[in-house]
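The structure appears right after this line, and notes come after that.
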Amino acid sequence: MNPLISSVYPMKVIEVRNLHKRYPNHVAVRDVSFEVAEGEIFGILGPNGAGKTTTVECVAGLRVPDGGSVRVSGFDPQKDRAELRKVLGVQLQSAALPEKIKVWEALELYASFYPEPADWRELLERVGLGHKRDAAFGKLSGGQRQRLSVALALIGRPRVAVLDELTTGLDPQARRDTWELVEQIRDSGVTIVLVTHFMEEAERLCDRIALIDAGTVAAIDTPAGLIAQVGGEQRLRFRPSAPLDDSVLLALPEVREVTRSGEQVVVTGGGNLAHAVTLALAHNQIVPGDLRIEQATLDDAFLALTGRKLT
């Protein structure tokens with residue numbers, strides 16, 4: 001948790017109130033409200049089509065809301081566009097550059113849009129692309145393209161950066177490298193709004209998370225706070241060494257449910273679940289092979305709060 005947001009009265013840099021956005025065939029955002037405090041990484045987490053990107057496009061002034069209000073550092077994204085550009089940097093999932101434009105050309109072009117831009121040469125090194133200065137955009141890997149997108153979002157020295165589905169399509173190592181970059185950006189004083197559908201990403205990076213489903217906010221809390229709403233649920237997975245009747249485990253007060261996946265038994269419950277189950281198995285002379293103990297996750301919290309899994 002960033003100490004900058006631990007104050008009783010943190011400064012709000014984004015305020016969204018009762019946001020609505022309708023398209024001809026569907027309502028994308030029904031009634032979204034949230035606040036982002038200075039210095040935090042605020043996550044907007046939900047499945048594809050939940051309204052996440054539409055929400056941040058309204059925050060960035062790229063979409064006109066049909067209802068509600070948005071303020072970024074006190075500015076209205078629709079009425080105060082010039083002022084908004086000075087405080088907000090945006091990296092959108094759909095953004096793309098010409099295949100033949102060189103990395104340095106893209107940065108120099110974007111720098112020309114601002115009266116006092118960051119030094120793009122220094123920024124290039126900061127995002128780890130110094131060695132790709134003369135490379136064409138079309139020759140960059142997925143992770144390198146995302147790093148360039150982040151650099152372009154930071155070129156105007158923003159107070160707030162919106163990063164939309166930053167690691168979609170990246171391999172595991174590139175994803176973790178990008179996470180480290182996001183943390184470095186926050187540590188430099190930039191408040192970040194991170195849009196994602198990756199649970200691990202949200203849990204690793206975000207100080208607080210808004211769970212969005214079907215255009216509405218299901219809950220806002222810290223990752224630990226959202227997981228706590230599941231009630232401390234645990235799961236045990238194992239392969240029994242001998243036939244096992246479910247009733248043996250269901251008789252235990254700690255056990256809520258027993259399911260099977262092929263040869264694997266999955267036991268869900270609470271309290272001192274692992275001790276109770278292993279004791280019962282030992283009593284029945286059954287050895288739990290490949291035993292794994294799993295705590296509740298953000299995925300479990302999303303399922304508990306929305307009634308469906310995040311996919």
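Chain labels A, B, ... are given in the sequence in which chains occur in the structure tokens; within each chain residues are numbered consecutively from 1, and ligands are likewise numbered from 1 in the order shown.
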
Legend entry - Test item, strand (DSSP E) assignment across range 23-221 of chain A, answer as a count of residues only: 51

Inset, instruction - Name the residues in contact with Ala224 in chain A at a cut-off of 9 Å, using only C-alpha atoms, excluding same-chain residues fewer than 5 positions from it; report them as a ChimeraX atom specification. - result: /A:203,229,297-298

Dump as a compact mmCIF listing (two decimals), in the first residue's frame, selection limited to C-alpha atoms:
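Wrote selection25.txt, looks like this:
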# COMPACT_ATOMS: atom_id res chain seq x y z
CA GLU A 203 -3.83 -8.09 -6.80
CA GLN A 229 -15.75 -10.46 1.79
CA THR A 297 -8.72 -15.08 -4.38
CA LEU A 298 -10.03 -12.04 -6.20

Under the rule of at most 12 Å, produce a per-residue listing of range 114-196 of chain A near range 210-217 of chain A: chain, number, name, the closest pair of atoms, and the distance in Å, as JSON lines, using only C-alpha atoms.
{"residue": "A:Val193", "atom": "CA", "partner": "A:Ala210", "partner_atom": "CA", "distance": 10.5}
{"residue": "A:Leu194", "atom": "CA", "partner": "A:Ala210", "partner_atom": "CA", "distance": 10.3}
{"residue": "A:Val195", "atom": "CA", "partner": "A:Ala210", "partner_atom": "CA", "distance": 9.7}
{"residue": "A:Thr196", "atom": "CA", "partner": "A:Leu211", "partner_atom": "CA", "distance": 10.3}

May I have the selected residues written with N, CA and C atoms, as a tab-separated table (two decimals), in the first residue's frame?
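Listing of again.tsv after writing:
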chain	number	residue	atom	x	y	z
A	193	VAL	N	-4.52	4.91	-13.03
A	193	VAL	CA	-5.77	4.16	-13.15
A	193	VAL	C	-5.46	2.99	-14.09
A	194	LEU	N	-5.56	1.78	-13.56
A	194	LEU	CA	-5.18	0.58	-14.30
A	194	LEU	C	-6.42	-0.24	-14.63
A	195	VAL	N	-6.72	-0.37	-15.92
A	195	VAL	CA	-7.85	-1.17	-16.36
A	195	VAL	C	-7.34	-2.55	-16.73
A	196	THR	N	-7.95	-3.59	-16.17
A	196	THR	CA	-7.45	-4.94	-16.42
A	196	THR	C	-8.55	-5.97	-16.22

Legend entry - Residue contacts of Ala304 in chain A (12 Å, only C-alpha atoms) excluding same-chain residues fewer than 6 positions away, as a PyMOL selection string: chain A and resi 211+218-219+226-231+233+296-298+310

Using DSSP secondary structure from the backbone, list all alpha helix (DSSP H) positions within range 113-301 of chain A, as a PDB file with N, CA and C atoms, in the first residue's frame.
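part.pdb, freshly written:
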ATOM      1  N   TRP A 120      12.219  13.189 -24.018  1.00  0.00           N
ATOM      2  CA  TRP A 120      11.859  11.871 -24.521  1.00  0.00           C
ATOM      3  C   TRP A 120      13.045  10.918 -24.536  1.00  0.00           C
ATOM      4  N   ARG A 121      14.274  11.449 -24.616  1.00  0.00           N
ATOM      5  CA  ARG A 121      15.454  10.585 -24.591  1.00  0.00           C
ATOM      6  C   ARG A 121      15.606   9.935 -23.216  1.00  0.00           C
ATOM      7  N   GLU A 122      15.390  10.736 -22.195  1.00  0.00           N
ATOM      8  CA  GLU A 122      15.454  10.210 -20.827  1.00  0.00           C
ATOM      9  C   GLU A 122      14.312   9.221 -20.585  1.00  0.00           C
ATOM     10  N   LEU A 123      13.129   9.553 -21.107  1.00  0.00           N
ATOM     11  CA  LEU A 123      11.956   8.699 -20.951  1.00  0.00           C
ATOM     12  C   LEU A 123      12.166   7.352 -21.642  1.00  0.00           C
ATOM     13  N   LEU A 124      12.831   7.397 -22.782  1.00  0.00           N
ATOM     14  CA  LEU A 124      13.107   6.174 -23.538  1.00  0.00           C
ATOM     15  C   LEU A 124      13.948   5.205 -22.700  1.00  0.00           C
ATOM     16  N   GLU A 125      14.938   5.743 -22.003  1.00  0.00           N
ATOM     17  CA  GLU A 125      15.776   4.915 -21.143  1.00  0.00           C
ATOM     18  C   GLU A 125      14.975   4.412 -19.943  1.00  0.00           C
ATOM     19  N   ARG A 126      14.121   5.273 -19.440  1.00  0.00           N
ATOM     20  CA  ARG A 126      13.340   4.940 -18.245  1.00  0.00           C
ATOM     21  C   ARG A 126      12.419   3.747 -18.471  1.00  0.00           C
ATOM     22  N   GLY A 142       5.551  -7.398 -28.547  1.00  0.00           N
ATOM     23  CA  GLY A 142       4.362  -6.916 -27.835  1.00  0.00           C
ATOM     24  C   GLY A 142       4.712  -6.132 -26.587  1.00  0.00           C
ATOM     25  N   GLY A 143       5.668  -6.643 -25.805  1.00  0.00           N
ATOM     26  CA  GLY A 143       6.069  -5.937 -24.592  1.00  0.00           C
ATOM     27  C   GLY A 143       6.723  -4.607 -24.887  1.00  0.00           C
ATOM     28  N   GLN A 144       7.513  -4.549 -25.949  1.00  0.00           N
ATOM     29  CA  GLN A 144       8.168  -3.294 -26.321  1.00  0.00           C
ATOM     30  C   GLN A 144       7.146  -2.263 -26.798  1.00  0.00           C
ATOM     31  N   ARG A 145       6.131  -2.708 -27.514  1.00  0.00           N
ATOM     32  CA  ARG A 145       5.075  -1.782 -27.945  1.00  0.00           C
ATOM     33  C   ARG A 145       4.340  -1.204 -26.741  1.00  0.00           C
ATOM     34  N   GLN A 146       4.096  -2.037 -25.743  1.00  0.00           N
ATOM     35  CA  GLN A 146       3.408  -1.543 -24.551  1.00  0.00           C
ATOM     36  C   GLN A 146       4.280  -0.550 -23.795  1.00  0.00           C
ATOM     37  N   ARG A 147       5.572  -0.790 -23.737  1.00  0.00           N
ATOM     38  CA  ARG A 147       6.473   0.150 -23.073  1.00  0.00           C
ATOM     39  C   ARG A 147       6.508   1.488 -23.813  1.00  0.00           C
ATOM     40  N   LEU A 148       6.462   1.419 -25.133  1.00  0.00           N
ATOM     41  CA  LEU A 148       6.406   2.655 -25.904  1.00  0.00           C
ATOM     42  C   LEU A 148       5.093   3.390 -25.641  1.00  0.00           C
ATOM     43  N   SER A 149       4.002   2.649 -25.545  1.00  0.00           N
ATOM     44  CA  SER A 149       2.703   3.265 -25.241  1.00  0.00           C
ATOM     45  C   SER A 149       2.732   3.992 -23.904  1.00  0.00           C
ATOM     46  N   VAL A 150       3.386   3.361 -22.919  1.00  0.00           N
ATOM     47  CA  VAL A 150       3.515   3.998 -21.607  1.00  0.00           C
ATOM     48  C   VAL A 150       4.347   5.269 -21.719  1.00  0.00           C
ATOM     49  N   ALA A 151       5.447   5.221 -22.465  1.00  0.00           N
ATOM     50  CA  ALA A 151       6.291   6.400 -22.644  1.00  0.00           C
ATOM     51  C   ALA A 151       5.505   7.537 -23.288  1.00  0.00           C
ATOM     52  N   LEU A 152       4.686   7.213 -24.286  1.00  0.00           N
ATOM     53  CA  LEU A 152       3.880   8.235 -24.958  1.00  0.00           C
ATOM     54  C   LEU A 152       2.841   8.828 -24.010  1.00  0.00           C
ATOM     55  N   ALA A 153       2.318   7.998 -23.098  1.00  0.00           N
ATOM     56  CA  ALA A 153       1.352   8.496 -22.119  1.00  0.00           C
ATOM     57  C   ALA A 153       2.006   9.426 -21.098  1.00  0.00           C
ATOM     58  N   LEU A 154       3.319   9.283 -20.906  1.00  0.00           N
ATOM     59  CA  LEU A 154       4.034  10.075 -19.888  1.00  0.00           C
ATOM     60  C   LEU A 154       4.748  11.288 -20.460  1.00  0.00           C
ATOM     61  N   PRO A 172       4.382 -14.257 -19.973  1.00  0.00           N
ATOM     62  CA  PRO A 172       4.498 -14.052 -18.521  1.00  0.00           C
ATOM     63  C   PRO A 172       5.661 -13.159 -18.105  1.00  0.00           C
ATOM     64  N   GLN A 173       6.837 -13.323 -18.723  1.00  0.00           N
ATOM     65  CA  GLN A 173       7.985 -12.505 -18.327  1.00  0.00           C
ATOM     66  C   GLN A 173       7.782 -11.042 -18.716  1.00  0.00           C
ATOM     67  N   ALA A 174       7.275 -10.799 -19.926  1.00  0.00           N
ATOM     68  CA  ALA A 174       7.020  -9.418 -20.359  1.00  0.00           C
ATOM     69  C   ALA A 174       5.955  -8.769 -19.478  1.00  0.00           C
ATOM     70  N   ARG A 175       4.993  -9.574 -19.048  1.00  0.00           N
ATOM     71  CA  ARG A 175       3.946  -9.040 -18.168  1.00  0.00           C
ATOM     72  C   ARG A 175       4.532  -8.592 -16.848  1.00  0.00           C
ATOM     73  N   ARG A 176       5.406  -9.407 -16.265  1.00  0.00           N
ATOM     74  CA  ARG A 176       6.002  -9.042 -14.973  1.00  0.00           C
ATOM     75  C   ARG A 176       6.952  -7.855 -15.109  1.00  0.00           C
ATOM     76  N   ASP A 177       7.660  -7.781 -16.216  1.00  0.00           N
ATOM     77  CA  ASP A 177       8.520  -6.618 -16.466  1.00  0.00           C
ATOM     78  C   ASP A 177       7.691  -5.346 -16.546  1.00  0.00           C
ATOM     79  N   THR A 178       6.511  -5.451 -17.184  1.00  0.00           N
ATOM     80  CA  THR A 178       5.628  -4.291 -17.308  1.00  0.00           C
ATOM     81  C   THR A 178       5.062  -3.895 -15.957  1.00  0.00           C
ATOM     82  N   TRP A 179       4.765  -4.874 -15.106  1.00  0.00           N
ATOM     83  CA  TRP A 179       4.292  -4.563 -13.758  1.00  0.00           C
ATOM     84  C   TRP A 179       5.335  -3.745 -13.000  1.00  0.00           C
ATOM     85  N   GLU A 180       6.605  -4.132 -13.122  1.00  0.00           N
ATOM     86  CA  GLU A 180       7.669  -3.383 -12.443  1.00  0.00           C
ATOM     87  C   GLU A 180       7.730  -1.946 -12.961  1.00  0.00           C
ATOM     88  N   LEU A 181       7.519  -1.774 -14.255  1.00  0.00           N
ATOM     89  CA  LEU A 181       7.513  -0.434 -14.837  1.00  0.00           C
ATOM     90  C   LEU A 181       6.377   0.401 -14.268  1.00  0.00           C
ATOM     91  N   VAL A 182       5.194  -0.198 -14.138  1.00  0.00           N
ATOM     92  CA  VAL A 182       4.040   0.515 -13.580  1.00  0.00           C
ATOM     93  C   VAL A 182       4.336   0.968 -12.145  1.00  0.00           C
ATOM     94  N   GLU A 183       4.947   0.095 -11.362  1.00  0.00           N
ATOM     95  CA  GLU A 183       5.287   0.462  -9.977  1.00  0.00           C
ATOM     96  C   GLU A 183       6.311   1.595  -9.939  1.00  0.00           C
ATOM     97  N   GLN A 184       7.254   1.578 -10.859  1.00  0.00           N
ATOM     98  CA  GLN A 184       8.246   2.661 -10.934  1.00  0.00           C
ATOM     99  C   GLN A 184       7.579   3.985 -11.277  1.00  0.00           C
ATOM    100  N   ILE A 185       6.604   3.945 -12.168  1.00  0.00           N
ATOM    101  CA  ILE A 185       5.894   5.167 -12.558  1.00  0.00           C
ATOM    102  C   ILE A 185       5.145   5.738 -11.364  1.00  0.00           C
ATOM    103  N   ARG A 186       4.446   4.858 -10.618  1.00  0.00           N
ATOM    104  CA  ARG A 186       3.746   5.327  -9.425  1.00  0.00           C
ATOM    105  C   ARG A 186       4.718   5.905  -8.410  1.00  0.00           C
ATOM    106  N   ASP A 187       5.862   5.246  -8.232  1.00  0.00           N
ATOM    107  CA  ASP A 187       6.844   5.723  -7.260  1.00  0.00           C
ATOM    108  C   ASP A 187       7.420   7.085  -7.650  1.00  0.00           C
ATOM    109  N   MET A 199      -6.657 -11.056 -12.792  1.00  0.00           N
ATOM    110  CA  MET A 199      -6.727 -11.050 -11.335  1.00  0.00           C
ATOM    111  C   MET A 199      -5.362 -10.854 -10.690  1.00  0.00           C
ATOM    112  N   GLU A 200      -4.372 -11.614 -11.148  1.00  0.00           N
ATOM    113  CA  GLU A 200      -3.039 -11.540 -10.550  1.00  0.00           C
ATOM    114  C   GLU A 200      -2.460 -10.139 -10.688  1.00  0.00           C
ATOM    115  N   GLU A 201      -2.696  -9.505 -11.832  1.00  0.00           N
ATOM    116  CA  GLU A 201      -2.204  -8.163 -12.076  1.00  0.00           C
ATOM    117  C   GLU A 201      -2.831  -7.173 -11.099  1.00  0.00           C
ATOM    118  N   ALA A 202      -4.135  -7.265 -10.928  1.00  0.00           N
ATOM    119  CA  ALA A 202      -4.835  -6.351 -10.019  1.00  0.00           C
ATOM    120  C   ALA A 202      -4.384  -6.547  -8.576  1.00  0.00           C
ATOM    121  N   GLU A 203      -4.228  -7.813  -8.184  1.00  0.00           N
ATOM    122  CA  GLU A 203      -3.833  -8.091  -6.804  1.00  0.00           C
ATOM    123  C   GLU A 203      -2.402  -7.647  -6.532  1.00  0.00           C
ATOM    124  N   ARG A 204      -1.531  -7.780  -7.527  1.00  0.00           N
ATOM    125  CA  ARG A 204      -0.119  -7.401  -7.366  1.00  0.00           C
ATOM    126  C   ARG A 204       0.053  -5.882  -7.310  1.00  0.00           C
ATOM    127  N   LEU A 205      -0.656  -5.145  -8.171  1.00  0.00           N
ATOM    128  CA  LEU A 205      -0.353  -3.733  -8.371  1.00  0.00           C
ATOM    129  C   LEU A 205      -1.255  -2.761  -7.624  1.00  0.00           C
ATOM    130  N   PRO A 223      -7.497  -5.029  -2.425  1.00  0.00           N
ATOM    131  CA  PRO A 223      -7.560  -6.446  -2.787  1.00  0.00           C
ATOM    132  C   PRO A 223      -7.849  -7.344  -1.583  1.00  0.00           C
ATOM    133  N   ALA A 224      -7.167  -7.077  -0.466  1.00  0.00           N
ATOM    134  CA  ALA A 224      -7.398  -7.889   0.732  1.00  0.00           C
ATOM    135  C   ALA A 224      -8.819  -7.722   1.256  1.00  0.00           C
ATOM    136  N   GLY A 225      -9.348  -6.498   1.171  1.00  0.00           N
ATOM    137  CA  GLY A 225     -10.708  -6.241   1.641  1.00  0.00           C
ATOM    138  C   GLY A 225     -11.742  -6.969   0.809  1.00  0.00           C
ATOM    139  N   LEU A 226     -11.536  -6.999  -0.514  1.00  0.00           N
ATOM    140  CA  LEU A 226     -12.463  -7.713  -1.392  1.00  0.00           C
ATOM    141  C   LEU A 226     -12.418  -9.213  -1.116  1.00  0.00           C
ATOM    142  N   ILE A 227     -11.214  -9.743  -0.927  1.00  0.00           N
ATOM    143  CA  ILE A 227     -11.072 -11.176  -0.649  1.00  0.00           C
ATOM    144  C   ILE A 227     -11.699 -11.529   0.696  1.00  0.00           C
ATOM    145  N   ALA A 228     -11.582 -10.613   1.668  1.00  0.00           N
ATOM    146  CA  ALA A 228     -12.156 -10.864   2.996  1.00  0.00           C
ATOM    147  C   ALA A 228     -13.669 -11.002   2.935  1.00  0.00           C
ATOM    148  N   ASP A 246     -17.719 -39.148  -0.260  1.00  0.00           N
ATOM    149  CA  ASP A 246     -17.841 -37.723   0.069  1.00  0.00           C
ATOM    150  C   ASP A 246     -18.390 -37.495   1.472  1.00  0.00           C
ATOM    151  N   SER A 247     -19.220 -38.410   1.948  1.00  0.00           N
ATOM    152  CA  SER A 247     -19.864 -38.225   3.253  1.00  0.00           C
ATOM    153  C   SER A 247     -18.850 -38.167   4.390  1.00  0.00           C
ATOM    154  N   VAL A 248     -17.696 -38.798   4.200  1.00  0.00           N
ATOM    155  CA  VAL A 248     -16.655 -38.760   5.228  1.00  0.00           C
ATOM    156  C   VAL A 248     -16.208 -37.322   5.483  1.00  0.00           C
ATOM    157  N   LEU A 249     -16.091 -36.548   4.396  1.00  0.00           N
ATOM    158  CA  LEU A 249     -15.647 -35.160   4.519  1.00  0.00           C
ATOM    159  C   LEU A 249     -16.797 -34.214   4.824  1.00  0.00           C
ATOM    160  N   LEU A 250     -17.957 -34.470   4.225  1.00  0.00           N
ATOM    161  CA  LEU A 250     -19.114 -33.593   4.458  1.00  0.00           C
ATOM    162  C   LEU A 250     -19.579 -33.633   5.912  1.00  0.00           C
ATOM    163  N   LEU A 273      -9.514 -25.976   8.143  1.00  0.00           N
ATOM    164  CA  LEU A 273      -9.954 -26.974   7.165  1.00  0.00           C
ATOM    165  C   LEU A 273      -8.888 -28.026   6.898  1.00  0.00           C
ATOM    166  N   ALA A 274      -7.664 -27.605   6.658  1.00  0.00           N
ATOM    167  CA  ALA A 274      -6.601 -28.543   6.290  1.00  0.00           C
ATOM    168  C   ALA A 274      -6.383 -29.586   7.380  1.00  0.00           C
ATOM    169  N   HIS A 275      -6.348 -29.142   8.633  1.00  0.00           N
ATOM    170  CA  HIS A 275      -6.126 -30.064   9.743  1.00  0.00           C
ATOM    171  C   HIS A 275      -7.270 -31.063   9.859  1.00  0.00           C
ATOM    172  N   ALA A 276      -8.511 -30.569   9.756  1.00  0.00           N
ATOM    173  CA  ALA A 276      -9.680 -31.444   9.914  1.00  0.00           C
ATOM    174  C   ALA A 276      -9.742 -32.498   8.810  1.00  0.00           C
ATOM    175  N   VAL A 277      -9.476 -32.079   7.583  1.00  0.00           N
ATOM    176  CA  VAL A 277      -9.554 -33.007   6.445  1.00  0.00           C
ATOM    177  C   VAL A 277      -8.440 -34.042   6.510  1.00  0.00           C
ATOM    178  N   THR A 278      -7.217 -33.617   6.736  1.00  0.00           N
ATOM    179  CA  THR A 278      -6.100 -34.578   6.771  1.00  0.00           C
ATOM    180  C   THR A 278      -6.260 -35.564   7.927  1.00  0.00           C
ATOM    181  N   LEU A 279      -6.821 -35.110   9.047  1.00  0.00           N
ATOM    182  CA  LEU A 279      -7.065 -36.001  10.184  1.00  0.00           C
ATOM    183  C   LEU A 279      -8.109 -37.053   9.826  1.00  0.00           C
ATOM    184  N   ALA A 280      -9.194 -36.614   9.137  1.00  0.00           N
ATOM    185  CA  ALA A 280     -10.240 -37.548   8.729  1.00  0.00           C
ATOM    186  C   ALA A 280      -9.706 -38.560   7.716  1.00  0.00           C
ATOM    187  N   LEU A 281      -8.872 -38.105   6.809  1.00  0.00           N
ATOM    188  CA  LEU A 281      -8.297 -39.007   5.817  1.00  0.00           C
ATOM    189  C   LEU A 281      -7.384 -40.034   6.483  1.00  0.00           C
ATOM    190  N   ALA A 282      -6.570 -39.575   7.425  1.00  0.00           N
ATOM    191  CA  ALA A 282      -5.669 -40.485   8.136  1.00  0.00           C
ATOM    192  C   ALA A 282      -6.469 -41.535   8.902  1.00  0.00           C
ATOM    193  N   HIS A 283      -7.574 -41.112   9.509  1.00  0.00           N
ATOM    194  CA  HIS A 283      -8.434 -42.033  10.255  1.00  0.00           C
ATOM    195  C   HIS A 283      -8.978 -43.124   9.349  1.00  0.00           C
ATOM    196  N   LEU A 298      -9.162 -13.058  -5.612  1.00  0.00           N
ATOM    197  CA  LEU A 298     -10.026 -12.035  -6.197  1.00  0.00           C
ATOM    198  C   LEU A 298     -11.080 -12.665  -7.098  1.00  0.00           C
ATOM    199  N   ASP A 299     -10.731 -13.755  -7.751  1.00  0.00           N
ATOM    200  CA  ASP A 299     -11.694 -14.469  -8.592  1.00  0.00           C
ATOM    201  C   ASP A 299     -12.871 -14.940  -7.747  1.00  0.00           C
ATOM    202  N   ASP A 300     -12.574 -15.463  -6.559  1.00  0.00           N
ATOM    203  CA  ASP A 300     -13.641 -15.889  -5.649  1.00  0.00           C
ATOM    204  C   ASP A 300     -14.486 -14.699  -5.206  1.00  0.00           C
ATOM    205  N   ALA A 301     -13.815 -13.573  -4.932  1.00  0.00           N
ATOM    206  CA  ALA A 301     -14.543 -12.371  -4.517  1.00  0.00           C
ATOM    207  C   ALA A 301     -15.463 -11.891  -5.634  1.00  0.00           C
TER     208      ALA A 301
END
